[in-house]
$ cat data.tsv   # TSV, C-alpha atoms
chain	number	residue	atom	x	y	z
A	251	MET	CA	-18.78	-4.26	3.35
A	252	SER	CA	-16.81	-6.87	5.31
A	253	ASP	CA	-13.47	-6.10	6.96
A	254	SER	CA	-11.62	-8.24	4.44
A	255	GLU	CA	-13.40	-6.49	1.56
A	256	SER	CA	-12.51	-3.07	3.03
A	257	ARG	CA	-8.91	-4.18	3.44
A	258	ARG	CA	-8.83	-5.38	-0.17
A	259	ARG	CA	-10.15	-2.08	-1.50
A	260	LEU	CA	-7.66	-0.16	0.64
A	261	ASP	CA	-4.85	-2.36	-0.69
A	262	GLU	CA	-5.99	-1.65	-4.26
A	263	SER	CA	-5.93	2.10	-3.61
A	264	ILE	CA	-2.45	1.86	-2.08
A	265	ALA	CA	-1.31	-0.23	-5.06
A	266	PHE	CA	-2.70	2.41	-7.45
A	267	PHE	CA	-0.91	5.15	-5.52
A	268	GLY	CA	2.30	3.09	-5.63
A	269	THR	CA	2.00	2.43	-9.37
A	270	ILE	CA	1.69	6.14	-10.10
A	271	ILE	CA	4.49	7.22	-7.77
A	272	ALA	CA	6.87	4.48	-8.95
A	273	GLY	CA	6.23	5.33	-12.61
A	274	GLN	CA	6.71	9.05	-12.08
A	275	THR	CA	9.90	8.61	-10.03
A	276	HIS	CA	11.28	6.64	-12.99
A	277	GLU	CA	10.36	9.62	-15.18
A	278	ILE	CA	12.17	12.01	-12.80
A	279	THR	CA	15.18	9.68	-12.84
A	280	ASN	CA	15.15	9.85	-16.65
A	281	VAL	CA	15.13	13.64	-16.49
A	282	LEU	CA	18.02	13.69	-14.00
A	283	ASN	CA	20.01	11.23	-16.11
A	284	ILE	CA	19.59	13.44	-19.16
A	285	ILE	CA	20.59	16.56	-17.21
A	286	SER	CA	23.64	14.66	-15.93
A	287	GLU	CA	24.68	13.72	-19.48
A	288	LEU	CA	24.00	17.18	-20.91
A	289	SER	CA	25.97	18.90	-18.15
A	290	GLY	CA	28.75	16.37	-18.79
A	291	LEU	CA	28.57	17.32	-22.45
A	292	GLN	CA	28.97	21.00	-21.54
A	293	VAL	CA	32.14	20.16	-19.60
A	294	ASP	CA	33.37	18.03	-22.52
A	295	LEU	CA	32.80	20.91	-24.95
A	296	LEU	CA	34.64	23.36	-22.71
A	297	ARG	CA	37.56	20.94	-22.28
A	298	ALA	CA	37.72	20.28	-26.01
A	299	GLN	CA	37.99	23.99	-26.70
A	300	GLU	CA	40.30	25.03	-23.90
A	301	GLN	CA	43.56	24.17	-25.69
A	302	ASP	CA	43.61	25.98	-29.00
A	303	ALA	CA	40.15	26.95	-30.24
A	304	PRO	CA	37.74	29.58	-28.92
A	305	VAL	CA	34.73	28.43	-26.93
A	306	ASP	CA	31.81	27.51	-29.19
A	307	LEU	CA	29.19	29.67	-27.47
A	308	PRO	CA	26.22	28.80	-29.75
A	309	ARG	CA	26.84	25.10	-29.13
A	310	LEU	CA	27.07	25.61	-25.38
A	311	GLN	CA	23.92	27.72	-25.48
A	312	GLU	CA	22.10	24.98	-27.36
A	313	VAL	CA	23.09	22.41	-24.71
A	314	THR	CA	21.99	24.82	-21.97
A	315	THR	CA	18.58	25.16	-23.63
A	316	ARG	CA	18.30	21.36	-23.71
A	317	ILE	CA	19.07	21.27	-19.96
A	318	GLN	CA	16.44	23.94	-19.30
A	319	ASN	CA	13.88	21.91	-21.28
A	320	GLN	CA	14.55	18.92	-19.05
A	321	VAL	CA	14.21	21.09	-15.94
A	322	HIS	CA	10.78	22.23	-17.22
A	323	ARG	CA	9.89	18.60	-17.89
A	324	GLY	CA	10.90	17.68	-14.33
A	325	GLU	CA	8.87	20.56	-12.90
A	326	THR	CA	5.78	19.40	-14.81
A	327	ILE	CA	6.20	15.85	-13.48
A	328	ILE	CA	6.60	17.09	-9.91
A	329	ARG	CA	3.60	19.44	-10.20
A	330	ASN	CA	1.44	16.53	-11.34
A	331	ILE	CA	2.74	14.17	-8.63
A	332	ASN	CA	2.07	16.85	-6.04
A	333	GLY	CA	-1.48	17.39	-7.26
A	334	PHE	CA	-2.04	13.65	-7.33
A	335	ALA	CA	-0.68	13.18	-3.78
A	336	HIS	CA	-2.87	15.98	-2.42
A	337	SER	CA	-5.94	14.52	-4.12
A	338	ALA	CA	-6.00	11.96	-1.30
A	339	ASP	CA	-6.09	14.63	1.44
A	340	LEU	CA	-9.87	14.68	1.87
A	341	PRO	CA	-12.60	12.14	1.12
A	342	VAL	CA	-14.64	14.88	-0.54
A	343	ALA	CA	-13.29	17.99	-2.25
A	344	VAL	CA	-14.41	20.54	-4.79
A	345	PHE	CA	-12.44	20.16	-8.02
A	346	ASP	CA	-12.53	20.85	-11.72
A	347	LEU	CA	-13.03	17.52	-13.52
A	348	ARG	CA	-11.06	18.74	-16.50
A	349	GLU	CA	-7.99	19.43	-14.34
A	350	VAL	CA	-8.22	16.03	-12.67
A	351	LEU	CA	-8.55	14.23	-16.00
A	352	GLU	CA	-5.64	16.16	-17.49
A	353	ARG	CA	-3.57	14.97	-14.53
A	354	VAL	CA	-4.64	11.33	-14.90
A	355	LEU	CA	-3.79	11.48	-18.60
A	356	PHE	CA	-0.40	12.95	-17.84
A	357	LEU	CA	0.32	10.32	-15.18
A	358	ALA	CA	-0.84	7.48	-17.45
A	359	GLN	CA	1.35	8.55	-20.39
A	360	ARG	CA	4.29	6.50	-19.14
A	361	SER	CA	2.19	3.30	-19.03
A	362	ALA	CA	0.83	4.13	-22.49
A	363	ARG	CA	4.31	4.72	-23.90
A	364	LEU	CA	5.57	1.42	-22.50
A	365	ALA	CA	2.51	-0.33	-23.94
A	366	GLN	CA	3.13	1.44	-27.28
A	367	VAL	CA	-0.33	2.96	-27.20
A	368	GLU	CA	-1.23	6.54	-28.13
A	369	LEU	CA	-3.16	8.00	-25.20
A	370	VAL	CA	-5.12	11.01	-26.40
A	371	SER	CA	-6.91	13.73	-24.48
A	372	ASP	CA	-10.08	14.95	-26.18
A	373	LEU	CA	-11.42	16.92	-23.24
A	374	PRO	CA	-14.07	19.51	-24.12
A	375	PRO	CA	-13.48	23.18	-23.32
A	376	GLU	CA	-16.57	23.06	-21.12
A	377	SER	CA	-15.49	22.75	-17.50
A	378	ILE	CA	-17.46	21.13	-14.70
A	379	VAL	CA	-16.81	21.56	-10.99
A	380	LEU	CA	-17.57	18.47	-8.93
A	381	GLU	CA	-17.86	17.90	-5.22
A	382	SER	CA	-16.64	14.36	-4.90
A	383	ASN	CA	-13.61	12.21	-4.16
A	384	PRO	CA	-10.92	13.18	-6.70
A	385	PHE	CA	-8.63	10.28	-5.77
A	386	CYS	CA	-11.45	7.83	-6.43
A	387	VAL	CA	-12.23	9.47	-9.79
A	388	GLN	CA	-8.57	9.24	-10.80
A	389	GLN	CA	-8.36	5.60	-9.76
A	390	ALA	CA	-11.50	4.75	-11.72
A	391	VAL	CA	-10.30	6.49	-14.89
A	392	PHE	CA	-6.84	5.00	-14.56
A	393	THR	CA	-8.40	1.54	-14.15
A	394	CYS	CA	-10.28	2.04	-17.45
A	395	ILE	CA	-7.12	3.29	-19.19
A	396	ASP	CA	-5.15	0.35	-17.78
A	397	LEU	CA	-7.74	-2.14	-19.05
A	398	ALA	CA	-7.53	-0.50	-22.48
A	399	LEU	CA	-3.71	-0.57	-22.50
A	400	ARG	CA	-3.67	-4.25	-21.55
A	401	SER	CA	-6.07	-4.97	-24.41
A	402	ALA	CA	-4.20	-2.96	-27.05
A	403	SER	CA	-3.59	-5.01	-30.17
A	404	ASP	CA	-4.10	-3.42	-33.61
A	405	ILE	CA	-5.31	0.18	-33.31
A	406	ARG	CA	-3.29	1.02	-30.17
A	407	ARG	CA	-5.09	4.29	-29.53
A	408	VAL	CA	-7.07	5.28	-26.44
A	409	VAL	CA	-9.07	8.52	-26.20
A	410	VAL	CA	-10.40	10.07	-22.99
A	411	ASP	CA	-13.17	12.66	-23.02
A	412	TYR	CA	-16.22	13.67	-21.00
A	413	VAL	CA	-19.61	15.28	-21.43
A	414	VAL	CA	-21.61	17.26	-18.90
A	415	ARG	CA	-24.90	15.42	-18.66
A	416	GLY	CA	-27.76	16.13	-16.25
A	417	ASP	CA	-26.44	16.78	-12.77
A	418	GLY	CA	-23.00	15.36	-13.33
A	419	ALA	CA	-20.53	14.22	-15.95
A	420	GLU	CA	-19.93	11.15	-18.03
A	421	ILE	CA	-16.31	10.23	-18.61
A	422	ARG	CA	-15.61	8.10	-21.65
A	423	VAL	CA	-12.49	6.02	-22.26
A	424	THR	CA	-12.53	4.74	-25.82
A	425	SER	CA	-10.09	2.15	-27.06
A	426	GLY	CA	-9.67	1.24	-30.70
A	427	ASP	CA	-9.23	-2.38	-29.60
A	428	PRO	CA	-11.83	-4.58	-27.86
A	429	LEU	CA	-11.30	-5.62	-24.25
A	430	THR	CA	-9.32	-8.82	-23.90
A	431	GLN	CA	-9.83	-10.85	-20.74
A	432	ASP	CA	-7.03	-12.00	-18.51
A	433	GLU	CA	-7.00	-13.40	-14.97
A	434	ASN	CA	-7.26	-9.87	-13.49
A	435	THR	CA	-9.96	-8.42	-15.73
A	436	GLU	CA	-12.97	-9.39	-13.60
A	437	ASP	CA	-11.28	-8.05	-10.45
A	438	ARG	CA	-10.63	-4.76	-12.20
A	439	LEU	CA	-14.20	-4.48	-13.42
A	440	GLU	CA	-15.43	-5.20	-9.89
A	441	LEU	CA	-13.09	-2.54	-8.56
A	442	LEU	CA	-14.42	-0.07	-11.11
A	443	GLN	CA	-17.97	-0.79	-10.00
A	444	PHE	CA	-16.98	-0.35	-6.35
A	445	LEU	CA	-15.18	2.96	-6.98
A	446	LEU	CA	-18.11	4.45	-8.87
A	447	GLU	CA	-20.66	3.30	-6.33
A	448	SER	CA	-18.57	4.73	-3.50
A	449	ILE	CA	-18.96	8.22	-5.00
A	450	GLY	CA	-22.63	7.80	-5.89
A	451	GLY	CA	-21.84	7.23	-9.56
A	452	SER	CA	-22.19	4.28	-11.85
A	453	VAL	CA	-20.48	2.39	-14.62
A	454	VAL	CA	-22.84	3.24	-17.50
A	455	LYS	CA	-20.91	1.02	-19.84
A	456	ARG	CA	-18.24	-1.56	-19.07
A	457	PRO	CA	-15.40	-1.89	-21.59
A	458	GLY	CA	-16.44	-5.49	-22.29
A	459	ASP	CA	-19.97	-4.44	-23.39
A	460	GLU	CA	-20.83	-3.62	-27.01
A	461	PRO	CA	-19.53	-1.52	-28.72
A	462	ALA	CA	-16.29	-3.08	-27.58
A	463	GLY	CA	-13.53	-1.11	-25.91
A	464	VAL	CA	-15.59	1.81	-24.58
A	465	SER	CA	-16.01	2.57	-20.87
A	466	VAL	CA	-18.47	5.20	-19.68
A	467	LEU	CA	-18.38	6.35	-16.06
A	468	ARG	CA	-21.07	8.58	-14.58
A	469	ILE	CA	-19.96	10.93	-11.79
A	470	PRO	CA	-22.60	12.97	-9.95
A	471	ARG	CA	-21.91	16.65	-9.39
A	472	HIS	CA	-22.28	16.34	-5.61
A	473	HIS	CA	-21.39	13.53	-3.28
A	474	SER	CA	-21.29	14.01	0.49
A	475	ALA	CA	-18.69	12.46	2.81
A	476	GLU	CA	-21.47	11.11	5.06
A	477	SER	CA	-22.59	8.74	2.34
A	478	GLU	CA	-19.10	7.15	2.08
B	110	MET	CA	39.96	4.20	-28.65
B	111	SER	CA	39.48	5.52	-32.15
B	112	GLY	CA	37.87	3.05	-34.48
B	113	LEU	CA	35.61	1.58	-31.79
B	114	ARG	CA	32.07	1.41	-33.16
B	115	VAL	CA	29.24	1.67	-30.65
B	116	LEU	CA	25.46	1.66	-31.01
B	117	PHE	CA	23.71	3.27	-28.01
B	118	VAL	CA	20.02	2.39	-27.57
B	119	ASP	CA	17.58	4.06	-25.17
B	120	ASP	CA	14.01	5.31	-25.60
B	121	GLU	CA	14.97	8.73	-24.17
B	122	GLU	CA	16.06	10.58	-27.30
B	123	GLU	CA	17.86	13.36	-25.43
B	124	LEU	CA	19.88	10.83	-23.42
B	125	VAL	CA	20.88	9.02	-26.61
B	126	SER	CA	21.87	12.27	-28.27
B	127	ALA	CA	23.98	13.46	-25.29
B	128	VAL	CA	25.78	10.14	-24.74
B	129	VAL	CA	26.48	9.71	-28.47
B	130	GLU	CA	27.94	13.23	-28.63
B	131	ARG	CA	30.11	12.56	-25.56
B	132	LEU	CA	31.44	9.31	-27.00
B	133	GLN	CA	32.12	10.99	-30.34
B	134	LEU	CA	34.09	13.75	-28.59
B	135	ARG	CA	36.30	10.93	-27.25
B	136	GLY	CA	36.98	9.58	-30.73
B	137	ILE	CA	34.46	6.74	-30.64
B	138	GLU	CA	32.33	6.08	-33.71
B	139	ALA	CA	29.00	6.22	-31.90
B	140	ARG	CA	25.50	6.33	-33.19
B	141	GLY	CA	22.14	6.06	-31.49
B	142	ALA	CA	18.73	4.41	-31.73
B	143	THR	CA	15.59	5.04	-29.66
B	144	ALA	CA	13.95	1.61	-29.96
B	145	GLY	CA	15.09	-1.98	-29.70
B	146	ALA	CA	13.57	-2.87	-33.07
B	147	ASP	CA	15.41	0.04	-34.73
B	148	ALA	CA	18.67	-1.15	-33.16
B	149	LEU	CA	18.22	-4.63	-34.63
B	150	ARG	CA	17.60	-3.13	-38.08
B	151	ILE	CA	20.71	-0.95	-37.76
B	152	VAL	CA	23.00	-3.86	-36.76
B	153	GLU	CA	21.81	-5.72	-39.85
B	154	ARG	CA	23.06	-2.89	-42.08
B	155	GLU	CA	26.08	-1.56	-40.21
B	156	SER	CA	28.98	-3.02	-38.34
B	157	PHE	CA	29.52	-2.37	-34.60
B	158	ASP	CA	31.84	-3.65	-31.90
B	159	VAL	CA	29.45	-3.06	-29.00
B	160	VAL	CA	25.74	-2.33	-28.53
B	161	VAL	CA	24.65	-0.59	-25.32
B	162	ALA	CA	20.91	-1.11	-24.71
B	163	ASP	CA	18.56	0.05	-21.97
B	164	VAL	CA	16.73	-2.79	-20.24
B	165	LYS	CA	13.34	-1.06	-20.09
B	166	MET	CA	12.10	0.26	-23.42
B	167	PRO	CA	8.70	0.14	-25.15
B	168	GLY	CA	8.49	-2.83	-27.50
B	169	LEU	CA	11.77	-4.71	-27.54
B	170	GLY	CA	13.58	-4.13	-24.26
B	171	GLY	CA	17.30	-4.61	-23.66
B	172	LEU	CA	16.97	-8.29	-22.70
B	173	GLU	CA	15.18	-9.04	-25.98
B	174	VAL	CA	17.83	-7.07	-27.83
B	175	VAL	CA	20.53	-9.27	-26.23
B	176	ARG	CA	18.59	-12.42	-27.16
B	177	HIS	CA	18.21	-11.37	-30.82
B	178	ILE	CA	21.76	-10.12	-31.24
B	179	LYS	CA	23.31	-13.18	-29.65
B	180	ALA	CA	21.23	-15.41	-31.90
B	181	LEU	CA	22.15	-13.57	-35.10
B	182	HIS	CA	25.55	-11.99	-34.33
B	183	PRO	CA	27.17	-13.98	-31.50
B	184	GLY	CA	30.41	-12.01	-31.79
B	185	LEU	CA	28.75	-8.64	-31.20
B	186	GLN	CA	28.99	-7.60	-27.54
B	187	VAL	CA	25.98	-6.12	-25.73
B	188	ILE	CA	26.11	-4.05	-22.57
B	189	LEU	CA	22.84	-3.53	-20.70
B	190	LEU	CA	21.86	-0.24	-19.16
B	191	SER	CA	19.32	0.30	-16.42
B	192	GLY	CA	18.02	3.05	-14.22
B	193	HIS	CA	16.39	0.66	-11.82
B	194	GLY	CA	19.33	-1.20	-10.32
B	195	SER	CA	17.68	-4.54	-10.86
B	196	GLN	CA	20.05	-7.40	-10.08
B	197	THR	CA	17.50	-9.77	-11.60
B	198	ASP	CA	17.83	-8.06	-14.97
B	199	ALA	CA	21.62	-8.07	-14.65
B	200	LYS	CA	21.68	-11.80	-13.99
B	201	GLU	CA	19.21	-12.54	-16.77
B	202	GLY	CA	21.21	-10.37	-19.16
B	203	ARG	CA	24.40	-12.23	-18.31
B	204	ARG	CA	22.63	-15.55	-18.79
B	205	LEU	CA	21.51	-14.39	-22.24
B	206	GLY	CA	25.07	-13.44	-23.14
B	207	ALA	CA	25.33	-9.73	-22.29
B	208	PHE	CA	28.93	-8.70	-21.64
B	209	ASP	CA	28.18	-6.41	-18.70
B	210	TYR	CA	25.61	-4.23	-16.99
B	211	VAL	CA	25.81	-0.48	-16.33
B	212	GLU	CA	23.55	1.49	-14.02
B	213	LYS	CA	22.31	5.00	-14.74
B	214	PRO	CA	23.35	7.70	-14.19
B	215	ILE	CA	26.16	6.81	-16.54
B	216	ASP	CA	29.73	7.64	-15.64
B	217	ILE	CA	31.11	8.18	-19.14
B	218	GLU	CA	34.64	7.13	-18.19
B	219	ILE	CA	33.42	3.88	-16.61
B	220	LEU	CA	31.24	3.22	-19.65
B	221	ILE	CA	34.24	3.72	-21.91
B	222	ASP	CA	36.32	1.30	-19.81
B	223	ILE	CA	33.59	-1.31	-20.18
B	224	LEU	CA	33.33	-0.62	-23.94
B	225	ARG	CA	37.07	-1.11	-24.21
B	226	ASN	CA	36.90	-4.38	-22.26
B	227	ALA	CA	34.01	-5.61	-24.39
B	228	ALA	CA	35.87	-4.83	-27.62
B	229	ALA	CA	38.99	-6.57	-26.26
B	230	ALA	CA	36.91	-9.64	-25.38
B	231	THR	CA	35.63	-9.74	-28.96
B	232	GLU	CA	39.21	-9.63	-30.28
B	233	GLN	CA	40.10	-12.48	-27.94
B	234	GLY	CA	37.15	-14.44	-29.28
B	235	GLY	CA	34.54	-14.29	-26.54
B	236	ARG	CA	33.73	-12.97	-23.08
$ encode --input "data.tsv" --output "structure tokens"
Amino acid sequence: MSDSESRRRLDESIAFFGTIIAGQTHEITNVLNIISELSGLQVDLLRAQEQDAPVDLPRLQEVTTRIQNQVHRGETIIRNINGFAHSADLPVAVFDLREVLERVLFLAQRSARLAQVELVSDLPPESIVLESNPFCVQQAVFTCIDLALRSASDIRRVVVDYVVRGDGAEIRVTSGDPLTQDENTEDRLELLQFLLESIGGSVVKRPGDEPAGVSVLRIPRHHSAESE
Amino acid sequence: MSGLRVLFVDDEEELVSAVVERLQLRGIEARGATAGADALRIVERESFDVVVADVKMPGLGGLEVVRHIKALHPGLQVILLSGHGSQTDAKEGRRLGAFDYVEKPIDIEILIDILRNAAAATEQGGR
């Protein structure tokens, strides 16, 4: 691979990292804004009661529960960002594919919501432990999801699942809508190919192939750092 | 402030609920919507003095809401809301006819001042 090609791939990985972090910081901001308003509401309720009426404890308790729910939501976001950030620590790590896919699905939910697409996890209970590059796997799956979101038209539903097949796993991203091409589509498909090849896997099916809207990515169970 | 009718639009349901409750506690007739398209349907059926709409929402965002409202109800004031501090959105919103722009987190007293100013501008026949 040429220096310029390496630089381009590195830039794409940094851009992916940035997309995820920017999206999730917006989500954290949303959580903080809600907590700010709910705590303001608590103060309002106390002030409204302080003159002549007794404090409405059930109402205050209900607002407190709503604040706690947002705190849990914030914790979940941070846990997923943290896992995502650490997935770039090592070029090869041992990880549970199911956990990594659950994280990608969580992180992609914001993009799906903005695109008005239902992003569904249909992960099997069967777990598979891989020795590979988790960051690369996440980027590849996110690229497929992103292609599907950009193509959403009528069905607006994307399902992610995987099967354990041979000595590895096949991840499937199925969109109800066929892939639509734009000026970035070919670059993204090339990137997908590059990401899979860099971990010894392959793109079994591109989303533009028939049947339309389905991507299948094959990830081998083991991939050594030396082959990177 | 009583009698001021406000529609607050944001895709975060809990934010809408909290802000609407806070405005109501201050005597404002507030109601909420969680999508731009819903807000447009509501303003067709009910009368408001001011619509507060988040810039970034799935489907119709705040800028599109301003565009639609100004085309159909030029006298109805719209205030944009954003968590991203984008001056570009603020300028574009103004160009489309938004009365003002408020950044999150919301200071409820500042928001109410802006609502009051927007309603006064309507009474005076414009911005």
$ interface_residues --input "data.tsv" --of "chain A" --to "chain B" --cutoff "7 Å" --atoms "all atoms listed in the file" --output "PyMOL selection string"
chain A and resi 283-284+287-288+291+363-366
$ closest_residue --input "data.tsv" --among "A:Arg422, A:Arg438, A:Arg468, A:Arg257" --to "Thr393 of chain A" --atoms "all atoms listed in the file"
A:Arg438
$ closest_residue --input "data.tsv" --among "A:Ala390, A:Ile317, A:Val367, A:Leu467" --to "Ser425 of chain A" --atoms "all atoms listed in the file"
A:Val367
$ closest_residue --input "data.tsv" --among "A:Glu300, A:Leu340, A:Leu351, A:Arg316" --to "Val391 of chain A" --atoms "all atoms listed in the file"
A:Leu351
$ residues_around --input "data.tsv" --residues "segment 304-309 of chain A" --least-positions-apart "3" --cutoff "12 Å" --atoms "all atoms listed in the file" --output "list of chain:residue names"
A:Leu288, A:Leu291, A:Gln292, A:Val293, A:Asp294, A:Leu295, A:Leu296, A:Arg297, A:Ala298, A:Gln299, A:Glu300, A:Gln301, A:Glu312, A:Val313, A:Thr314, A:Thr315, A:Arg316, B:Glu130
$ write_last_selection --input "data.tsv" --atoms "C-alpha atoms" --output "PDB file, keeping the file's coordinate frame"
ATOM      1  CA  LEU A 288      24.000  17.180 -20.910  1.00  0.00           C
ATOM      2  CA  LEU A 291      28.570  17.320 -22.450  1.00  0.00           C
ATOM      3  CA  GLN A 292      28.970  21.000 -21.540  1.00  0.00           C
ATOM      4  CA  VAL A 293      32.140  20.160 -19.600  1.00  0.00           C
ATOM      5  CA  ASP A 294      33.370  18.030 -22.520  1.00  0.00           C
ATOM      6  CA  LEU A 295      32.800  20.910 -24.950  1.00  0.00           C
ATOM      7  CA  LEU A 296      34.640  23.360 -22.710  1.00  0.00           C
ATOM      8  CA  ARG A 297      37.560  20.940 -22.280  1.00  0.00           C
ATOM      9  CA  ALA A 298      37.720  20.280 -26.010  1.00  0.00           C
ATOM     10  CA  GLN A 299      37.990  23.990 -26.700  1.00  0.00           C
ATOM     11  CA  GLU A 300      40.300  25.030 -23.900  1.00  0.00           C
ATOM     12  CA  GLN A 301      43.560  24.170 -25.690  1.00  0.00           C
ATOM     13  CA  GLU A 312      22.100  24.980 -27.360  1.00  0.00           C
ATOM     14  CA  VAL A 313      23.090  22.410 -24.710  1.00  0.00           C
ATOM     15  CA  THR A 314      21.990  24.820 -21.970  1.00  0.00           C
ATOM     16  CA  THR A 315      18.580  25.160 -23.630  1.00  0.00           C
ATOM     17  CA  ARG A 316      18.300  21.360 -23.710  1.00  0.00           C
TER      18      ARG A 316
ATOM     19  CA  GLU B 130      27.940  13.230 -28.630  1.00  0.00           C
TER      20      GLU B 130
END
$ atom_distance --input "data.tsv" --atom1 "atom CA of Asn434 of chain A" --atom2 "atom CA of Ser263 of chain A"
15.6 Å
$ residues_around --input "data.tsv" --residues "Asp209 of chain B" --least-positions-apart "4" --cutoff "7 Å" --atoms "all atoms listed in the file" --output "list in words"
Ile188, Leu189 and Arg203 of chain B
$ atom_distance --input "data.tsv" --atom1 "atom CA of Gly145 of chain B" --atom2 "atom CA of Ser191 of chain B"
14.1 Å
$ residues_near_point --input "data.tsv" --point "(-11.8, 19.2, -15.3)" --cutoff "10 Å" --atoms "only C-alpha atoms" --output "list in words"
Phe345, Asp346, Leu347, Arg348, Glu349, Val350, Leu351, Glu352, Arg353, Leu373, Pro374, Pro375, Glu376, Ser377, Ile378, Val379, Leu380 and Tyr412 of chain A
